[in-house]
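Printed here is structure10.tsv (TSV, C-alpha atoms and all ligand atoms):
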```
chain	number	residue	atom	x	y	z
A	1	MET	CA	30.31	-36.33	-46.62
A	2	PRO	CA	32.46	-33.56	-45.15
A	3	GLU	CA	36.11	-34.42	-44.63
A	4	ARG	CA	37.64	-34.38	-41.16
A	5	PRO	CA	39.71	-31.22	-40.95
A	6	GLY	CA	43.29	-32.01	-41.84
A	7	ALA	CA	42.49	-35.61	-42.73
A	8	PRO	CA	44.62	-36.82	-45.64
A	9	LEU	CA	42.93	-38.05	-48.78
A	10	PRO	CA	43.07	-41.82	-49.31
A	11	ALA	CA	45.75	-43.04	-51.70
A	12	PRO	CA	44.43	-43.92	-55.11
A	13	GLY	CA	45.08	-47.58	-55.91
A	14	ARG	CA	47.18	-48.52	-52.90
A	15	ALA	CA	45.92	-49.94	-49.60
A	16	PRO	CA	47.11	-48.09	-46.49
A	17	PHE	CA	50.60	-49.00	-45.24
A	18	GLY	CA	49.29	-50.45	-41.96
A	19	ALA	CA	47.06	-52.90	-43.80
A	20	ARG	CA	49.77	-53.87	-46.30
A	21	LEU	CA	52.30	-54.44	-43.52
A	22	ALA	CA	49.84	-56.49	-41.45
A	23	ARG	CA	49.15	-58.70	-44.48
A	24	ALA	CA	52.86	-59.19	-45.11
A	25	MET	CA	53.59	-60.02	-41.44
A	26	ASP	CA	50.69	-62.49	-41.35
A	27	ALA	CA	51.98	-64.19	-44.51
A	28	HIS	CA	55.72	-64.31	-43.74
A	29	GLY	CA	56.23	-63.55	-40.04
A	30	PRO	CA	57.22	-60.24	-38.40
A	31	LEU	CA	60.73	-60.07	-39.89
A	32	CYS	CA	62.34	-57.23	-41.81
A	33	VAL	CA	65.67	-58.16	-43.40
A	34	GLY	CA	68.12	-55.29	-43.08
A	35	ILE	CA	70.27	-54.79	-46.16
A	36	ASP	CA	73.44	-53.23	-44.74
A	37	PRO	CA	76.28	-53.73	-47.21
A	38	HIS	CA	79.10	-52.91	-44.79
A	39	PRO	CA	82.53	-52.93	-46.48
A	40	GLY	CA	83.59	-55.82	-44.22
A	41	LEU	CA	80.61	-57.88	-45.37
A	42	LEU	CA	81.47	-57.23	-49.04
A	43	ASP	CA	84.99	-58.53	-48.24
A	44	ALA	CA	83.57	-61.60	-46.48
A	45	TRP	CA	81.34	-62.33	-49.47
A	46	GLY	CA	84.30	-62.06	-51.85
A	47	LEU	CA	82.83	-58.96	-53.51
A	48	PRO	CA	84.71	-55.81	-54.49
A	49	ARG	CA	84.12	-52.60	-52.53
A	50	THR	CA	82.57	-51.02	-55.63
A	51	ALA	CA	79.09	-50.19	-56.86
A	52	GLU	CA	79.06	-53.52	-58.72
A	53	GLY	CA	79.90	-55.34	-55.45
A	54	LEU	CA	77.14	-53.38	-53.74
A	55	ARG	CA	74.73	-54.39	-56.52
A	56	ARG	CA	75.54	-58.10	-56.35
A	57	PHE	CA	75.25	-58.04	-52.55
A	58	SER	CA	71.88	-56.24	-52.64
A	59	LEU	CA	70.32	-58.42	-55.32
A	60	THR	CA	71.49	-61.59	-53.56
A	61	VAL	CA	69.82	-60.53	-50.29
A	62	LEU	CA	66.70	-59.62	-52.23
A	63	GLU	CA	66.62	-63.08	-53.84
A	64	ALA	CA	66.96	-64.73	-50.43
A	65	ALA	CA	64.32	-62.57	-48.72
A	66	ALA	CA	61.63	-62.59	-51.44
A	67	GLY	CA	58.63	-64.60	-50.30
A	68	ARG	CA	60.25	-65.29	-46.90
A	69	ALA	CA	60.17	-61.97	-45.03
A	70	ALA	CA	57.63	-59.19	-44.65
A	71	ALA	CA	60.00	-56.39	-45.64
A	72	VAL	CA	63.55	-55.36	-46.43
A	73	LYS	CA	65.30	-52.30	-45.03
A	74	PRO	CA	68.22	-50.95	-47.03
A	75	GLN	CA	70.55	-48.78	-44.93
A	76	VAL	CA	70.82	-45.67	-47.10
A	77	ALA	CA	74.22	-44.42	-45.85
A	78	LEU	CA	75.90	-47.58	-47.06
A	79	TYR	CA	74.66	-46.78	-50.61
A	80	GLU	CA	75.34	-43.03	-50.40
A	81	SER	CA	78.99	-43.70	-49.66
A	82	TYR	CA	79.38	-44.88	-53.30
A	83	GLY	CA	77.96	-41.62	-54.68
A	84	ALA	CA	75.67	-41.57	-57.69
A	85	ALA	CA	76.51	-45.18	-58.61
A	86	GLY	CA	75.45	-46.33	-55.11
A	87	ILE	CA	72.17	-44.43	-55.34
A	88	ALA	CA	71.52	-46.10	-58.70
A	89	VAL	CA	71.97	-49.48	-57.00
A	90	LEU	CA	69.54	-48.44	-54.27
A	91	GLU	CA	66.99	-47.45	-56.93
A	92	GLU	CA	67.42	-50.84	-58.62
A	93	LEU	CA	67.02	-52.63	-55.28
A	94	LEU	CA	63.83	-50.73	-54.44
A	95	ALA	CA	62.37	-51.51	-57.87
A	96	GLY	CA	63.35	-55.17	-57.52
A	97	ALA	CA	61.71	-55.42	-54.10
A	98	ARG	CA	58.51	-53.88	-55.48
A	99	ALA	CA	58.51	-56.44	-58.29
A	100	ALA	CA	59.05	-59.25	-55.75
A	101	ASP	CA	56.15	-58.01	-53.60
A	102	LEU	CA	58.49	-57.23	-50.69
A	103	LEU	CA	57.73	-54.12	-48.65
A	104	THR	CA	60.61	-51.65	-48.39
A	105	VAL	CA	61.71	-49.45	-45.51
A	106	ALA	CA	64.33	-46.89	-46.54
A	107	ASP	CA	66.53	-46.46	-43.48
A	108	ALA	CA	67.40	-42.82	-44.14
A	109	LYS	CA	66.67	-41.33	-40.67
A	110	ARG	CA	65.66	-37.98	-42.14
A	111	GLY	CA	64.51	-34.98	-40.10
A	112	ASP	CA	64.84	-31.26	-40.86
A	113	ILE	CA	62.98	-27.96	-40.72
A	114	GLY	CA	59.59	-28.19	-42.43
A	115	SER	CA	60.49	-26.55	-45.73
A	116	THR	CA	63.47	-28.87	-46.28
A	117	MET	CA	61.48	-31.80	-44.94
A	118	GLU	CA	59.19	-31.40	-47.94
A	119	ALA	CA	62.09	-32.30	-50.22
A	120	TYR	CA	63.09	-35.33	-48.12
A	121	ALA	CA	59.46	-36.48	-48.13
A	122	ALA	CA	59.29	-36.09	-51.92
A	123	ALA	CA	62.48	-38.12	-52.37
A	124	TRP	CA	61.47	-41.09	-50.21
A	125	LEU	CA	57.66	-41.12	-50.34
A	126	ALA	CA	56.33	-39.36	-53.45
A	127	GLU	CA	54.62	-41.20	-56.26
A	128	GLY	CA	57.06	-41.58	-59.14
A	129	SER	CA	60.24	-40.80	-57.19
A	130	PRO	CA	62.94	-43.32	-58.16
A	131	LEU	CA	63.79	-43.65	-54.45
A	132	ALA	CA	60.22	-44.04	-53.18
A	133	ALA	CA	59.94	-46.80	-50.59
A	134	ASP	CA	56.91	-48.15	-48.73
A	135	ALA	CA	58.19	-46.44	-45.58
A	136	VAL	CA	61.08	-44.31	-44.39
A	137	THR	CA	62.76	-43.88	-41.00
A	138	LEU	CA	62.59	-40.35	-39.57
A	139	SER	CA	64.33	-38.51	-36.74
A	140	PRO	CA	62.04	-36.26	-34.64
A	141	TYR	CA	64.73	-34.21	-32.91
A	142	LEU	CA	63.87	-30.99	-34.73
A	143	GLY	CA	60.40	-31.40	-33.25
A	144	PHE	CA	57.80	-33.99	-34.17
A	145	GLU	CA	55.73	-31.48	-36.15
A	146	SER	CA	58.73	-30.65	-38.35
A	147	LEU	CA	58.09	-34.10	-39.87
A	148	ARG	CA	54.62	-32.99	-41.03
A	149	PRO	CA	55.40	-33.02	-44.80
A	150	ALA	CA	56.51	-36.67	-44.58
A	151	LEU	CA	53.67	-37.71	-42.26
A	152	ASP	CA	51.10	-36.19	-44.61
A	153	LEU	CA	52.64	-37.50	-47.81
A	154	ALA	CA	52.93	-41.00	-46.35
A	155	ALA	CA	49.28	-41.04	-45.31
A	156	ARG	CA	48.18	-39.63	-48.67
A	157	THR	CA	50.09	-42.22	-50.73
A	158	GLY	CA	49.47	-45.37	-48.68
A	159	ARG	CA	53.02	-45.29	-47.36
A	160	GLY	CA	54.40	-45.20	-43.82
A	161	THR	CA	56.97	-43.64	-41.52
A	162	PHE	CA	58.98	-45.02	-38.62
A	163	VAL	CA	59.91	-42.24	-36.19
A	164	LEU	CA	62.82	-42.81	-33.81
A	165	ALA	CA	61.41	-43.11	-30.28
A	166	LEU	CA	63.62	-45.43	-28.19
A	167	THR	CA	66.61	-46.42	-30.27
A	168	SER	CA	68.50	-49.66	-29.81
A	169	ASN	CA	71.92	-48.11	-29.10
A	170	PRO	CA	73.00	-47.53	-25.49
A	171	GLU	CA	73.70	-43.80	-26.15
A	172	GLY	CA	70.04	-43.17	-27.02
A	173	ARG	CA	69.06	-43.10	-23.34
A	174	SER	CA	71.02	-39.88	-22.76
A	175	VAL	CA	68.51	-37.97	-24.91
A	176	GLN	CA	65.41	-40.11	-25.22
A	177	HIS	CA	64.93	-41.15	-21.58
A	178	VAL	CA	65.55	-37.70	-20.13
A	179	GLY	CA	62.64	-36.32	-18.15
A	180	GLY	CA	61.35	-39.48	-16.44
A	181	ALA	CA	57.55	-39.48	-16.68
A	182	ASP	CA	57.84	-36.54	-19.12
A	183	SER	CA	60.56	-38.13	-21.22
A	184	VAL	CA	61.37	-37.16	-24.79
A	185	ALA	CA	60.59	-40.74	-25.84
A	186	ARG	CA	57.14	-40.58	-24.26
A	187	ALA	CA	56.41	-37.28	-26.02
A	188	VAL	CA	57.37	-38.85	-29.37
A	189	CYS	CA	55.11	-41.85	-28.69
A	190	SER	CA	52.19	-39.57	-27.71
A	191	ALA	CA	52.66	-37.49	-30.85
A	192	ALA	CA	52.62	-40.66	-33.00
A	193	ALA	CA	49.46	-41.81	-31.21
A	194	ALA	CA	47.80	-38.47	-31.95
A	195	GLU	CA	48.90	-38.67	-35.60
A	196	ASN	CA	47.44	-42.16	-36.06
A	197	ALA	CA	44.22	-41.10	-34.30
A	198	ARG	CA	43.99	-38.14	-36.69
A	199	VAL	CA	44.45	-40.34	-39.76
A	200	LEU	CA	42.35	-43.28	-38.60
A	201	GLY	CA	39.69	-41.23	-36.86
A	202	GLY	CA	38.79	-41.71	-33.22
A	203	ALA	CA	40.02	-40.21	-29.99
A	204	GLU	CA	43.13	-38.08	-29.99
A	205	GLY	CA	46.08	-39.32	-28.01
A	206	PRO	CA	47.00	-42.71	-26.62
A	207	ALA	CA	44.36	-45.26	-25.72
A	208	PRO	CA	43.61	-45.45	-22.00
A	209	ALA	CA	45.93	-47.64	-19.95
A	210	GLY	CA	44.77	-51.26	-20.04
A	211	ALA	CA	43.18	-50.96	-23.48
A	212	ALA	CA	43.20	-54.16	-25.50
A	213	ALA	CA	46.25	-54.79	-27.63
A	214	ALA	CA	45.90	-53.14	-31.01
A	215	GLY	CA	47.51	-56.20	-32.61
A	216	ARG	CA	48.04	-55.83	-36.34
A	217	THR	CA	44.56	-54.75	-37.25
A	218	GLY	CA	43.81	-51.16	-38.08
A	219	LEU	CA	47.31	-49.76	-37.67
A	220	GLY	CA	47.90	-46.20	-38.84
A	221	PRO	CA	50.77	-45.02	-41.06
A	222	CYS	CA	52.87	-43.45	-38.30
A	223	GLY	CA	55.15	-46.13	-36.91
A	224	LEU	CA	57.88	-45.88	-34.31
A	225	VAL	CA	61.39	-47.26	-33.94
A	226	VAL	CA	61.72	-48.99	-30.58
A	227	GLY	CA	64.82	-51.10	-30.05
A	228	ALA	CA	64.44	-54.72	-29.01
A	229	THR	CA	67.27	-53.95	-26.59
A	230	VAL	CA	65.42	-51.38	-24.42
A	231	GLY	CA	64.60	-53.84	-21.63
A	232	ASP	CA	62.02	-52.47	-19.21
A	233	ALA	CA	62.26	-48.86	-20.45
A	234	LEU	CA	58.66	-48.75	-21.69
A	235	ALA	CA	57.25	-49.54	-18.25
A	236	ALA	CA	59.82	-47.34	-16.52
A	237	LEU	CA	58.90	-44.36	-18.72
A	238	GLY	CA	55.14	-45.05	-18.57
A	239	ILE	CA	54.82	-45.57	-22.33
A	240	ASP	CA	51.76	-47.37	-23.76
A	241	LEU	CA	52.79	-48.55	-27.24
A	242	ALA	CA	49.55	-50.45	-27.91
A	243	GLY	CA	47.77	-47.09	-27.71
A	244	VAL	CA	50.00	-45.68	-30.46
A	245	ARG	CA	48.08	-47.82	-33.00
A	246	GLY	CA	51.08	-47.88	-35.32
A	247	PRO	CA	53.68	-50.44	-36.41
A	248	LEU	CA	56.85	-50.77	-34.33
A	249	LEU	CA	60.17	-51.31	-36.09
A	250	ALA	CA	62.43	-53.14	-33.63
A	251	PRO	CA	66.15	-53.17	-34.41
A	252	GLY	CA	68.52	-54.83	-31.97
A	253	TYR	CA	67.30	-58.37	-32.60
A	254	GLY	CA	70.25	-60.46	-33.75
A	255	ALA	CA	73.69	-58.82	-33.91
A	256	GLN	CA	72.97	-56.32	-31.11
A	257	GLY	CA	72.07	-59.10	-28.71
A	258	ALA	CA	68.27	-59.15	-28.32
A	259	ARG	CA	66.67	-62.58	-28.78
A	260	ALA	CA	63.21	-63.41	-30.11
A	261	GLU	CA	62.18	-64.78	-26.73
A	262	ASP	CA	63.03	-61.39	-25.10
A	263	LEU	CA	60.53	-59.49	-27.24
A	264	PRO	CA	57.22	-60.30	-25.49
A	265	ALA	CA	58.55	-58.90	-22.21
A	266	VAL	CA	59.89	-55.74	-23.89
A	267	PHE	CA	56.74	-54.96	-25.92
A	268	GLY	CA	53.95	-56.45	-23.76
A	269	ALA	CA	50.50	-55.72	-25.17
A	270	ALA	CA	52.06	-54.14	-28.28
A	271	ALA	CA	53.88	-57.35	-29.32
A	272	GLY	CA	51.54	-57.87	-32.30
A	273	GLN	CA	52.59	-54.51	-33.76
A	274	VAL	CA	56.29	-55.40	-33.83
A	275	LEU	CA	58.30	-55.81	-37.04
A	276	ALA	CA	61.73	-56.96	-35.86
A	277	THR	CA	64.63	-56.08	-38.12
A	278	SER	CA	67.90	-57.95	-38.41
A	279	SER	CA	70.83	-57.14	-40.67
A	280	ARG	CA	74.29	-58.52	-39.82
A	281	ALA	CA	73.09	-61.70	-38.09
A	282	ILE	CA	71.47	-62.76	-41.39
A	283	LEU	CA	73.95	-61.19	-43.81
A	284	ARG	CA	76.93	-62.96	-42.22
A	285	ARG	CA	75.42	-66.22	-43.51
A	286	GLY	CA	75.98	-65.18	-47.14
A	287	PRO	CA	76.91	-65.15	-49.93
A	288	ALA	CA	75.23	-68.49	-50.73
A	289	VAL	CA	71.51	-67.91	-51.31
A	290	PRO	CA	70.40	-71.21	-49.67
A	291	ALA	CA	72.24	-70.34	-46.43
A	292	LEU	CA	70.80	-66.82	-46.45
A	293	ARG	CA	67.31	-68.22	-47.08
A	294	GLU	CA	67.68	-70.63	-44.21
A	295	ALA	CA	68.70	-67.77	-41.88
A	296	VAL	CA	65.75	-65.66	-43.03
A	297	GLU	CA	63.31	-68.55	-42.58
A	298	ARG	CA	64.67	-69.41	-39.12
A	299	SER	CA	64.45	-65.79	-37.94
A	300	ALA	CA	60.95	-65.31	-39.36
A	301	ALA	CA	59.75	-68.53	-37.72
A	302	GLU	CA	61.20	-67.75	-34.29
A	303	LEU	CA	59.80	-64.22	-34.39
A	304	ALA	CA	56.35	-65.52	-35.41
A	305	ALA	CA	56.47	-67.99	-32.52
A	306	ALA	CA	57.49	-65.27	-30.04
A	307	LEU	CA	55.28	-62.43	-31.25
A	308	GLY	CA	52.30	-64.22	-32.78
A	401	LIG	O1	66.28	-47.02	-37.73
A	401	LIG	C1	66.93	-48.08	-37.68
A	401	LIG	O2	66.76	-48.95	-38.53
A	401	LIG	C2	67.75	-48.32	-36.49
A	401	LIG	C3	67.36	-47.71	-35.32
A	401	LIG	C4	67.95	-48.08	-34.10
A	401	LIG	O3	67.54	-47.64	-33.04
A	401	LIG	N1	68.95	-48.99	-34.12
A	401	LIG	C5	69.40	-49.57	-35.28
A	401	LIG	O4	70.29	-50.43	-35.20
A	401	LIG	N2	68.85	-49.20	-36.48
A	401	LIG	C6	69.38	-49.74	-37.75
A	401	LIG	O5	69.08	-51.13	-37.79
A	401	LIG	C7	70.18	-51.86	-38.35
A	401	LIG	C8	70.69	-52.85	-37.34
A	401	LIG	O6	71.64	-53.68	-37.89
A	401	LIG	P1	72.13	-55.03	-37.18
A	401	LIG	O7	72.57	-54.64	-35.80
A	401	LIG	O8	73.25	-55.50	-38.04
A	401	LIG	O9	70.95	-55.98	-37.15
A	401	LIG	C9	71.19	-50.81	-38.79
A	401	LIG	O10	70.97	-50.50	-40.14
A	401	LIG	C10	70.89	-49.61	-37.92
A	401	LIG	O11	71.19	-48.39	-38.56
```
In structure tokens, how does this file's structure come out?
Amino acid sequence: MPERPGAPLPAPGRAPFGARLARAMDAHGPLCVGIDPHPGLLDAWGLPRTAEGLRRFSLTVLEAAAGRAAAVKPQVALYESYGAAGIAVLEELLAGARAADLLTVADAKRGDIGSTMEAYAAAWLAEGSPLAADAVTLSPYLGFESLRPALDLAARTGRGTFVLALTSNPEGRSVQHVGGADSVARAVCSAAAAENARVLGGAEGPAPAGAAAAGRTGLGPCGLVVGATVGDALAALGIDLAGVRGPLLAPGYGAQGARAEDLPAVFGAAAGQVLATSSRAILRRGPAVPALREAVERSAAELAAALG
């Protein structure tokens, strides 16, 4: 059978990211536990601000999240700040999550000109890279197509990407919402929709308005980051996230103020695609594993109740 032009080859031996994420969300609820070892949290846990403190923090969160959350999301900058020793801890964490059957999202927010992007893609998504995660966060502000090496490698290896679209921080509006009906955010969402259509097959571009919710079935590898704090921005900017047919990583739930019960109104027909991520609100419950587990379970349960 002839291949669709430009269609990536299926990954040998690994189911597509969309299917793996849907299975994990169905099993554990739509919660991603953010692993953000802020120096202040290390202090609060009675751990030294060293690579060994970072390691004990990371492995404790992993122990609490395993079997109770769909994914974990280490914040890469908080490992990089310890240099090579911090990166070694991140590698150990990623390997431990793989062994515990927890999906990993490397929160690296990478984005660069295409030739350099190839190296970022190889670091975070290539088979055999010590830093390979199941998905990586990407910044599209050098142009969505500059992300092509990562988009292609993710699709080819059964991995995923989460591209910043509407971020959870208040400053994001000053770039992302500019242009009204032709906003930057809407262009990013349309490009992700086209990418998933290309990989999955089917019509290019977003589904027509009023299309049935994509839910968790048949999601493509190109996800988006859409903050749980964006209020009515999706409607105001005319963005149809269900038509993107990709997973939606939603930070802002927890420490930034968004509540589980707010999410259905923010995401509407795309609620089934949402993977909410929470870091500090859970991590502040440590260092005792039972208390962390209880926080993870409570968050996962309230998100499952709100989002289905
Ligand atoms: O890409 C992200 O993960 C991200 C995007 C965004 O729009 N807002 C946002 O807060 N994040 C990350 O999500 C985490 C949120 O942490 P908490 O506010 O402690 O739950 C941090 O690691 C942020 O870097």
Given 6 Å and only C-alpha atoms and all ligand atoms, residues near ligand LIG 401 (chain A) as a PDB file with C-alpha atoms, keeping the file's coordinate frame:
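Everything below was put into out10.pdb:
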```
ATOM      1  CA  ASP A  36      73.440 -53.230 -44.740  1.00  0.00           C
ATOM      2  CA  GLN A  75      70.550 -48.780 -44.930  1.00  0.00           C
ATOM      3  CA  ASP A 107      66.530 -46.460 -43.480  1.00  0.00           C
ATOM      4  CA  THR A 137      62.760 -43.880 -41.000  1.00  0.00           C
ATOM      5  CA  THR A 167      66.610 -46.420 -30.270  1.00  0.00           C
ATOM      6  CA  SER A 168      68.500 -49.660 -29.810  1.00  0.00           C
ATOM      7  CA  ASN A 169      71.920 -48.110 -29.100  1.00  0.00           C
ATOM      8  CA  GLY A 227      64.820 -51.100 -30.050  1.00  0.00           C
ATOM      9  CA  PRO A 251      66.150 -53.170 -34.410  1.00  0.00           C
ATOM     10  CA  GLY A 252      68.520 -54.830 -31.970  1.00  0.00           C
ATOM     11  CA  GLY A 254      70.250 -60.460 -33.750  1.00  0.00           C
ATOM     12  CA  ALA A 255      73.690 -58.820 -33.910  1.00  0.00           C
ATOM     13  CA  GLN A 256      72.970 -56.320 -31.110  1.00  0.00           C
ATOM     14  CA  SER A 278      67.900 -57.950 -38.410  1.00  0.00           C
ATOM     15  CA  SER A 279      70.830 -57.140 -40.670  1.00  0.00           C
ATOM     16  CA  ARG A 280      74.290 -58.520 -39.820  1.00  0.00           C
TER      17      ARG A 280
END
```
Nearest to Leu90 in chain A, chosen from A:Arg186, A:His177, A:Arg156, A:Arg55, with all atoms listed in the file counted in the distances: A:Arg55
Gly218 in chain A environment, 9 Å, all atoms listed in the file, sequence neighbours closer than 5 positions dropped, as a PyMOL selection string: chain A and resi 18-19+22+200+245-246
Write the residues of the preceding selection, restricted to C-alpha atoms, as a JSON list (two decimals), in the frame of the given file.
```
[["chain", "number", "residue", "atom", "x", "y", "z"],
["A", 18, "GLY", "CA", 49.29, -50.45, -41.96],
["A", 19, "ALA", "CA", 47.06, -52.90, -43.80],
["A", 22, "ALA", "CA", 49.84, -56.49, -41.45],
["A", 200, "LEU", "CA", 42.35, -43.28, -38.60],
["A", 245, "ARG", "CA", 48.08, -47.82, -33.00],
["A", 246, "GLY", "CA", 51.08, -47.88, -35.32]]
```
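The point (57.1, -57.4, -48.8) has these residues within 8 Å of it, counting all atoms listed in the file: A:Leu21, A:Ala24, A:Ala66, A:Gly67, A:Ala69, A:Ala70, A:Ala71, A:Val72, A:Ala97, A:Arg98, A:Ala100, A:Asp101, A:Leu102, A:Leu103, A:Thr104.
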Near-Gly179 in chain A list (12 Å; only C-alpha atoms; drop same-chain fewer than 6 positions) as a VMD selection string: chain A and resid 173 185 to 187 236 to 238
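Each of A:Arg56, A:Arg259, A:Arg20, A:Lys73 was compared to Cys32 in chain A using all atoms listed in the file, and A:Lys73 turns out to be the nearest.
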Computed interatomic separation between CA of Ala44 in chain A and CA of Val105 in chain A (Å): 25.0 Å
Residue nearest Gly268 in chain A among A:Ala304, A:Leu234, A:Pro247, A:Val289 (counting all atoms listed in the file): A:Leu234
Cut-off 12 Å around (54.7, -32.0, -42.8) with all atoms listed in the file: residues as a PyMOL selection string: chain A and resi 6+8+111-122+138+140+143-156+161+195
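As for CA of Val274 in chain A and CA of Pro30 in chain A, they are spaced 6.7 Å apart.
Distances here use all atoms listed in the file; by that measure, the residue among A:Arg298, A:Ala305, A:Leu166, A:Gly96 closest to Ala250 in chain A is A:Leu166.
CA of Leu94 in chain A sits 7.1 Å away from CA of Leu131 in chain A.
In this comparison, which uses all atoms listed in the file, the residue of A:Ala228, A:Ala126, A:Val244, A:Ala64 approaching Arg198 in chain A most closely is A:Val244.
Counting all atoms listed in the file, the residue from A:Leu283, A:Val175, A:Leu248, A:Leu164 that sits nearest to Ser58 in chain A is A:Leu283.
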